[in-house]
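*Asks:* So that we are looking at the same thing, I have put the structure below in structure tokens.
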Amino acid sequence: MSALTPPVKWDSRLAGPVPHDTSYYAKCMLGGVLACGLTHAGITPLDVAKCNMQVDPVKYKGLGSGLRTLIAEEGATGIWKGVGPTLLGYSLQGMFKYGLYEVFKDTYSNLAGEEAANKYKPFIWLAGSASAEVFADIALCPLEMTKVKIQTSPVGTFPTSFGPALAAMQANKVELRYPFGSLVPLWSRQIPYTMAKFFFFEKIVQLFYTHVFVEPKETYSKPTQLGVTFASGYLAGVVCAIVSHPADTLVSLMGKKDNKGKPIGQIASEAGIKTLATKGLGTRVIMIGTLTGFQWWIYDSFKAAMGMGTTGGK
């Protein structure tokens with residue numbers, strides 16, 4: 001009778017040390033909220049300086065001088081403009097980015113089958129992260145548009161408090177193309193960014209556990225595993241910043257008063273590829289490298305605390 005029993009079909013959701021059930025995915029979503037919301041909100045001053053460097057490079061020449069100018073003109077609160085929509089927007093984005101990545105990764109692995117999923121693992125990472133980011137950016141877009149408008153508007157021309165800013169965006173939604181006018185450039189920035197973020201993170205973790213920490217991953221302490229997580233996240237973040245910077249500059253330029261109503265292509269053409277690719281890049285490399293390292297560290301710390309283990313391996 002046992003010979004007639006059909007073989008059990010391989011399921012990616014059951015292949016790891018912890019079953020990937022609804023509870024697992026929900027915890028990953030919560031981990032994503034903590035990882036993205038807290039880190040993005042925490043670096044708001046860098047983001048304010050970076051956005052203004054992109055929009056007005058003559059006035060805001062560098063990170064240090066840009067921050068000093070902002071503080072001199074608007075006080076200490078000036079460098080925290082947009083922290084409200086940043087916290088909420090990136091919390092929502094992180095929820096879908098990390099949670100749906102796990103869902104899509106398992107879904108595509110099961111569609112491919114065990115052999116192909118293992119053989120073409122990098123393509124699973126890329127497809128899963130890209131798919132997750134499509135939905136993450138739909139949640140982020142209205143709040144990102146509000147954040148950029150707050151951060152780049154001249155003093156006194158636009159509300160800086162979260163509630164009044166949202167009301168102003170809604171009141172001028174046709175003129176500002178709110179709430180999804182920046183979705184295409186946001187996708188152009190975030191999908192390559194997220195694909196690079198997840199691909200290089202997973203690949204660097206794999207290299208660490210293949211060539212540096214060669215014993216089984218579970219034999220290493222949690223601090224060691226989380227150290228690998230942070231280092232891999234930081235290095236992945238540097239690549240992400242470079243890949244996605246032109247689109248990030250374009251999103252910032254769309255919030256500039258002089259560009260109101262202009263087509264995206266015209267804004268990009270007027271700025272030029274050098275400006276799009278380089279203005280504020282140094283600041284963004286520091287910002288995104290640190291940000292991505294801490295995001296993965298927070299996410300994996302939460303997963304480890306929940307008994308779900310850290311991300312990646314050989």
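Quick note on naming: the chains in the structure tokens go A, B, ... in the order shown, residues restart at 1 in each chain, and ligands are numbered from 1 in order of appearance.
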Pick out the residues sitting within 12 Å of Arg189 in chain A, and hand them over as a list in words; count only C-alpha atoms, and ignore anything fewer than 4 positions along from it in its own chain.
*Replies:*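 Counting only C-alpha atoms, the residues come to Ala130, Glu133, Val134, Asp137, Cys141, Ser182, Leu183, Val184, Pro185, Tyr193, Thr194, Met195, Ala196, Cys240, Ala241, Ile242, Val243, Ser244, His245, Pro246, Ala247, Asp248, Thr249, Leu250, Val251, Ser252, Leu276 and Ala277 of chain A.
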*Asks:* Could you pull out all residues of range 9-154 of chain A with a DSSP call of helix (DSSP H, G or I) and give them as a VMD selection string?
*Replies:* chain A and resid 12 to 14 22 to 42 44 to 55 63 to 74 76 to 80 83 to 112 114 to 119 121 to 152
*Asks:* Per residue of range 275-298 of chain A within 12 Å of range 58-69 of chain A, which atom pair is closest and at what distance in Å (one decimal), using only C-alpha atoms, listed by chain and increasing number, as a tab-separated table?
*Replies:*
```
residue	atom	partner	partner_atom	distance
A:Thr275	CA	A:Val58	CA	11.9
A:Thr278	CA	A:Gly62	CA	12.0
A:Lys279	CA	A:Lys61	CA	9.1
A:Gly280	CA	A:Gly62	CA	7.5
A:Leu281	CA	A:Gly62	CA	10.3
A:Gly282	CA	A:Leu63	CA	8.8
A:Thr283	CA	A:Leu63	CA	6.5
A:Arg284	CA	A:Leu63	CA	9.8
A:Val285	CA	A:Leu63	CA	11.9
A:Ile286	CA	A:Leu63	CA	10.6
A:Met287	CA	A:Leu63	CA	10.9
```
*Asks:* Tell me, as a PDB file with N, CA and C atoms, in the first residue's frame, which residues lie within 10 Å of Thr292 in chain A, counting only C-alpha atoms; anything in the same chain fewer than 6 positions away does not count.
*Replies:*
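Output (result.pdb):
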```
ATOM      1  N   ALA A  35      10.567  48.447  10.710  1.00  0.00           N
ATOM      2  CA  ALA A  35      11.841  48.658  10.017  1.00  0.00           C
ATOM      3  C   ALA A  35      11.832  49.935   9.181  1.00  0.00           C
ATOM      4  N   CYS A  36      10.763  50.161   8.431  1.00  0.00           N
ATOM      5  CA  CYS A  36      10.745  51.291   7.497  1.00  0.00           C
ATOM      6  C   CYS A  36      10.231  52.580   8.127  1.00  0.00           C
ATOM      7  N   THR A  39      12.887  54.086  10.803  1.00  0.00           N
ATOM      8  CA  THR A  39      14.164  54.520  10.228  1.00  0.00           C
ATOM      9  C   THR A  39      14.002  55.734   9.322  1.00  0.00           C
ATOM     10  N   HIS A  40      12.981  55.732   8.484  1.00  0.00           N
ATOM     11  CA  HIS A  40      12.768  56.883   7.602  1.00  0.00           C
ATOM     12  C   HIS A  40      12.431  58.133   8.407  1.00  0.00           C
ATOM     13  N   LYS A 197      17.830  46.202  -3.392  1.00  0.00           N
ATOM     14  CA  LYS A 197      17.889  46.053  -1.938  1.00  0.00           C
ATOM     15  C   LYS A 197      17.757  44.591  -1.511  1.00  0.00           C
ATOM     16  N   PHE A 201      21.042  42.180  -0.802  1.00  0.00           N
ATOM     17  CA  PHE A 201      21.032  41.734   0.588  1.00  0.00           C
ATOM     18  C   PHE A 201      21.090  40.209   0.655  1.00  0.00           C
ATOM     19  N   PHE A 230      23.170  43.343   9.343  1.00  0.00           N
ATOM     20  CA  PHE A 230      23.421  44.776   9.216  1.00  0.00           C
ATOM     21  C   PHE A 230      24.452  45.064   8.133  1.00  0.00           C
ATOM     22  N   ALA A 231      25.555  44.323   8.131  1.00  0.00           N
ATOM     23  CA  ALA A 231      26.604  44.546   7.127  1.00  0.00           C
ATOM     24  C   ALA A 231      26.072  44.320   5.719  1.00  0.00           C
ATOM     25  N   SER A 232      25.293  43.281   5.543  1.00  0.00           N
ATOM     26  CA  SER A 232      24.729  42.978   4.223  1.00  0.00           C
ATOM     27  C   SER A 232      23.741  44.055   3.808  1.00  0.00           C
ATOM     28  N   GLY A 233      22.949  44.524   4.767  1.00  0.00           N
ATOM     29  CA  GLY A 233      21.979  45.569   4.474  1.00  0.00           C
ATOM     30  C   GLY A 233      22.641  46.876   4.097  1.00  0.00           C
ATOM     31  N   TYR A 234      23.730  47.225   4.795  1.00  0.00           N
ATOM     32  CA  TYR A 234      24.420  48.479   4.506  1.00  0.00           C
ATOM     33  C   TYR A 234      25.009  48.452   3.098  1.00  0.00           C
ATOM     34  N   LEU A 235      25.692  47.379   2.764  1.00  0.00           N
ATOM     35  CA  LEU A 235      26.310  47.265   1.436  1.00  0.00           C
ATOM     36  C   LEU A 235      25.247  47.265   0.339  1.00  0.00           C
ATOM     37  N   ALA A 236      24.148  46.582   0.581  1.00  0.00           N
ATOM     38  CA  ALA A 236      23.053  46.575  -0.395  1.00  0.00           C
ATOM     39  C   ALA A 236      22.482  47.974  -0.563  1.00  0.00           C
ATOM     40  N   GLY A 237      22.422  48.737   0.532  1.00  0.00           N
ATOM     41  CA  GLY A 237      21.869  50.086   0.490  1.00  0.00           C
ATOM     42  C   GLY A 237      22.680  51.035  -0.373  1.00  0.00           C
ATOM     43  N   VAL A 238      23.995  50.891  -0.368  1.00  0.00           N
ATOM     44  CA  VAL A 238      24.854  51.740  -1.195  1.00  0.00           C
ATOM     45  C   VAL A 238      24.522  51.524  -2.674  1.00  0.00           C
ATOM     46  N   CYS A 240      21.696  50.369  -3.833  1.00  0.00           N
ATOM     47  CA  CYS A 240      20.323  50.871  -4.027  1.00  0.00           C
ATOM     48  C   CYS A 240      20.307  52.366  -4.297  1.00  0.00           C
ATOM     49  N   ALA A 241      21.083  53.111  -3.522  1.00  0.00           N
ATOM     50  CA  ALA A 241      21.097  54.573  -3.643  1.00  0.00           C
ATOM     51  C   ALA A 241      21.520  55.000  -5.038  1.00  0.00           C
ATOM     52  N   ILE A 298      16.563  45.841  12.119  1.00  0.00           N
ATOM     53  CA  ILE A 298      15.314  45.907  12.892  1.00  0.00           C
ATOM     54  C   ILE A 298      14.382  44.772  12.474  1.00  0.00           C
TER      55      ILE A 298
END
```
*Asks:* So which one's closest to Ser301 in chain A, A:Leu34, A:Ala127, A:Val103, A:Val8? Using only C-alpha atoms, please.
*Replies:*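 Ranking A:Leu34, A:Ala127, A:Val103, A:Val8 by distance to Ser301 in chain A, first place goes to A:Leu34.
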*Asks:* Give me the residues of range 102-138 of chain A that have any atom at most 12 Å from an atom of range 23-27 of chain A; for each, the nearest atom pair and the distance in Å, rounded to one decimal. Use only C-alpha atoms, sort by chain and number, and format it as a tab-separated table.
*Replies:*
```
residue	atom	partner	partner_atom	distance
A:Glu102	CA	A:Tyr25	CA	6.9
A:Val103	CA	A:Tyr25	CA	6.9
A:Phe104	CA	A:Tyr25	CA	10.6
A:Lys105	CA	A:Tyr25	CA	11.4
A:Asp106	CA	A:Tyr25	CA	10.7
```
*Asks:* May I have the residues from that selection written out with all heavy atoms, as a PDB file, in the first residue's frame?
*Replies:*
```
ATOM      1  N   GLU A 102       7.705  38.242   1.238  1.00  0.00           N
ATOM      2  CA  GLU A 102       7.693  36.856   1.728  1.00  0.00           C
ATOM      3  C   GLU A 102       6.591  36.056   1.028  1.00  0.00           C
ATOM      4  O   GLU A 102       6.789  34.898   0.657  1.00  0.00           O
ATOM      5  CB  GLU A 102       7.477  36.836   3.245  1.00  0.00           C
ATOM      6  CG  GLU A 102       8.527  37.578   4.057  1.00  0.00           C
ATOM      7  CD  GLU A 102       9.851  36.836   4.150  1.00  0.00           C
ATOM      8  OE1 GLU A 102       9.942  35.686   3.678  1.00  0.00           O
ATOM      9  OE2 GLU A 102      10.816  37.425   4.690  1.00  0.00           O
ATOM     10  N   VAL A 103       5.430  36.685   0.820  1.00  0.00           N
ATOM     11  CA  VAL A 103       4.314  36.013   0.154  1.00  0.00           C
ATOM     12  C   VAL A 103       4.673  35.683  -1.292  1.00  0.00           C
ATOM     13  O   VAL A 103       4.519  34.538  -1.751  1.00  0.00           O
ATOM     14  CB  VAL A 103       3.043  36.888   0.192  1.00  0.00           C
ATOM     15  CG1 VAL A 103       1.937  36.271  -0.666  1.00  0.00           C
ATOM     16  CG2 VAL A 103       2.559  37.079   1.623  1.00  0.00           C
ATOM     17  N   PHE A 104       5.168  36.693  -2.022  1.00  0.00           N
ATOM     18  CA  PHE A 104       5.490  36.482  -3.438  1.00  0.00           C
ATOM     19  C   PHE A 104       6.673  35.533  -3.611  1.00  0.00           C
ATOM     20  O   PHE A 104       6.707  34.741  -4.560  1.00  0.00           O
ATOM     21  CB  PHE A 104       5.784  37.821  -4.117  1.00  0.00           C
ATOM     22  CG  PHE A 104       4.554  38.605  -4.487  1.00  0.00           C
ATOM     23  CD1 PHE A 104       4.325  39.861  -3.949  1.00  0.00           C
ATOM     24  CD2 PHE A 104       3.626  38.086  -5.371  1.00  0.00           C
ATOM     25  CE1 PHE A 104       3.192  40.593  -4.283  1.00  0.00           C
ATOM     26  CE2 PHE A 104       2.485  38.806  -5.719  1.00  0.00           C
ATOM     27  CZ  PHE A 104       2.266  40.060  -5.167  1.00  0.00           C
ATOM     28  N   LYS A 105       7.635  35.603  -2.707  1.00  0.00           N
ATOM     29  CA  LYS A 105       8.786  34.706  -2.803  1.00  0.00           C
ATOM     30  C   LYS A 105       8.335  33.248  -2.701  1.00  0.00           C
ATOM     31  O   LYS A 105       8.783  32.393  -3.484  1.00  0.00           O
ATOM     32  CB  LYS A 105       9.802  35.043  -1.704  1.00  0.00           C
ATOM     33  CG  LYS A 105      11.136  34.322  -1.836  1.00  0.00           C
ATOM     34  CD  LYS A 105      12.209  34.951  -0.964  1.00  0.00           C
ATOM     35  CE  LYS A 105      11.915  34.865   0.502  1.00  0.00           C
ATOM     36  NZ  LYS A 105      13.094  35.217   1.347  1.00  0.00           N
ATOM     37  N   ASP A 106       7.457  32.968  -1.760  1.00  0.00           N
ATOM     38  CA  ASP A 106       6.928  31.607  -1.620  1.00  0.00           C
ATOM     39  C   ASP A 106       6.050  31.233  -2.807  1.00  0.00           C
ATOM     40  O   ASP A 106       6.099  30.105  -3.309  1.00  0.00           O
ATOM     41  CB  ASP A 106       6.132  31.481  -0.317  1.00  0.00           C
ATOM     42  CG  ASP A 106       7.022  31.398   0.909  1.00  0.00           C
ATOM     43  OD1 ASP A 106       8.185  30.975   0.767  1.00  0.00           O
ATOM     44  OD2 ASP A 106       6.556  31.751   2.005  1.00  0.00           O
TER      45      ASP A 106
END
```
*Asks:* Would you mind reading off the distance between CA of Lys173 in chain A and CA of Ile191 in chain A, one decimal, in Å?
*Replies:*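 Pair CA of Lys173 in chain A / CA of Ile191 in chain A returns 25.0 Å.
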*Asks:* Using only C-alpha atoms, can you tell me which of A:Thr146, A:Ser221, A:Ser161, A:Ser129 comes closest to Phe200 in chain A?
*Replies:*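 Going through A:Thr146, A:Ser221, A:Ser161, A:Ser129 one by one, the smallest distance to Phe200 in chain A is for A:Ser129.
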*Asks:* Give me, as JSON lines, each residue of range 218-309 of chain A that comes within 12 Å of range 96-101 of chain A, together with its shortest interatomic pair and the distance in Å at one decimal, counting only C-alpha atoms, with rows ordered by chain and rising residue number.
*Replies:*
```
{"residue": "A:Gln295", "atom": "CA", "partner": "A:Tyr98", "partner_atom": "CA", "distance": 10.4}
{"residue": "A:Trp296", "atom": "CA", "partner": "A:Tyr98", "partner_atom": "CA", "distance": 9.9}
{"residue": "A:Ile298", "atom": "CA", "partner": "A:Tyr98", "partner_atom": "CA", "distance": 11.9}
{"residue": "A:Tyr299", "atom": "CA", "partner": "A:Tyr98", "partner_atom": "CA", "distance": 8.6}
{"residue": "A:Asp300", "atom": "CA", "partner": "A:Tyr98", "partner_atom": "CA", "distance": 10.9}
{"residue": "A:Lys303", "atom": "CA", "partner": "A:Tyr98", "partner_atom": "CA", "distance": 11.5}
```
*Asks:* Name all residues at most 10 Å from range 148-155 of chain A (count only C-alpha atoms; drop same-chain ones fewer than 2 positions away) and give them as a PyMOL selection string.
*Replies:* chain A and resi 44-45+47-56+70+73-74+78-83+85-86+143-146+157-162+165-166+169+176+251-257
*Asks:* For Lys262 in chain A, which residue out of A:Thr224, A:Ile124, A:Glu202, A:Gly181 is the nearest one, using only C-alpha atoms?
*Replies:*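 Checking each of A:Thr224, A:Ile124, A:Glu202, A:Gly181 against Lys262 in chain A, counting only C-alpha atoms, the winner is A:Gly181.
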*Asks:* A:Leu226, A:Ile71, A:Leu92, A:Ile204: which is nearest Pro122 in chain A, counting only C-alpha atoms?
*Replies:*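 Once distances to Pro122 in chain A are computed over only C-alpha atoms, the minimum belongs to A:Ile204.
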*Asks:* Between A:Ala112, A:Val228, A:Ala268, A:Ala167, which is the closest to Gly293 in chain A once you count only C-alpha atoms?
*Replies:* A:Val228
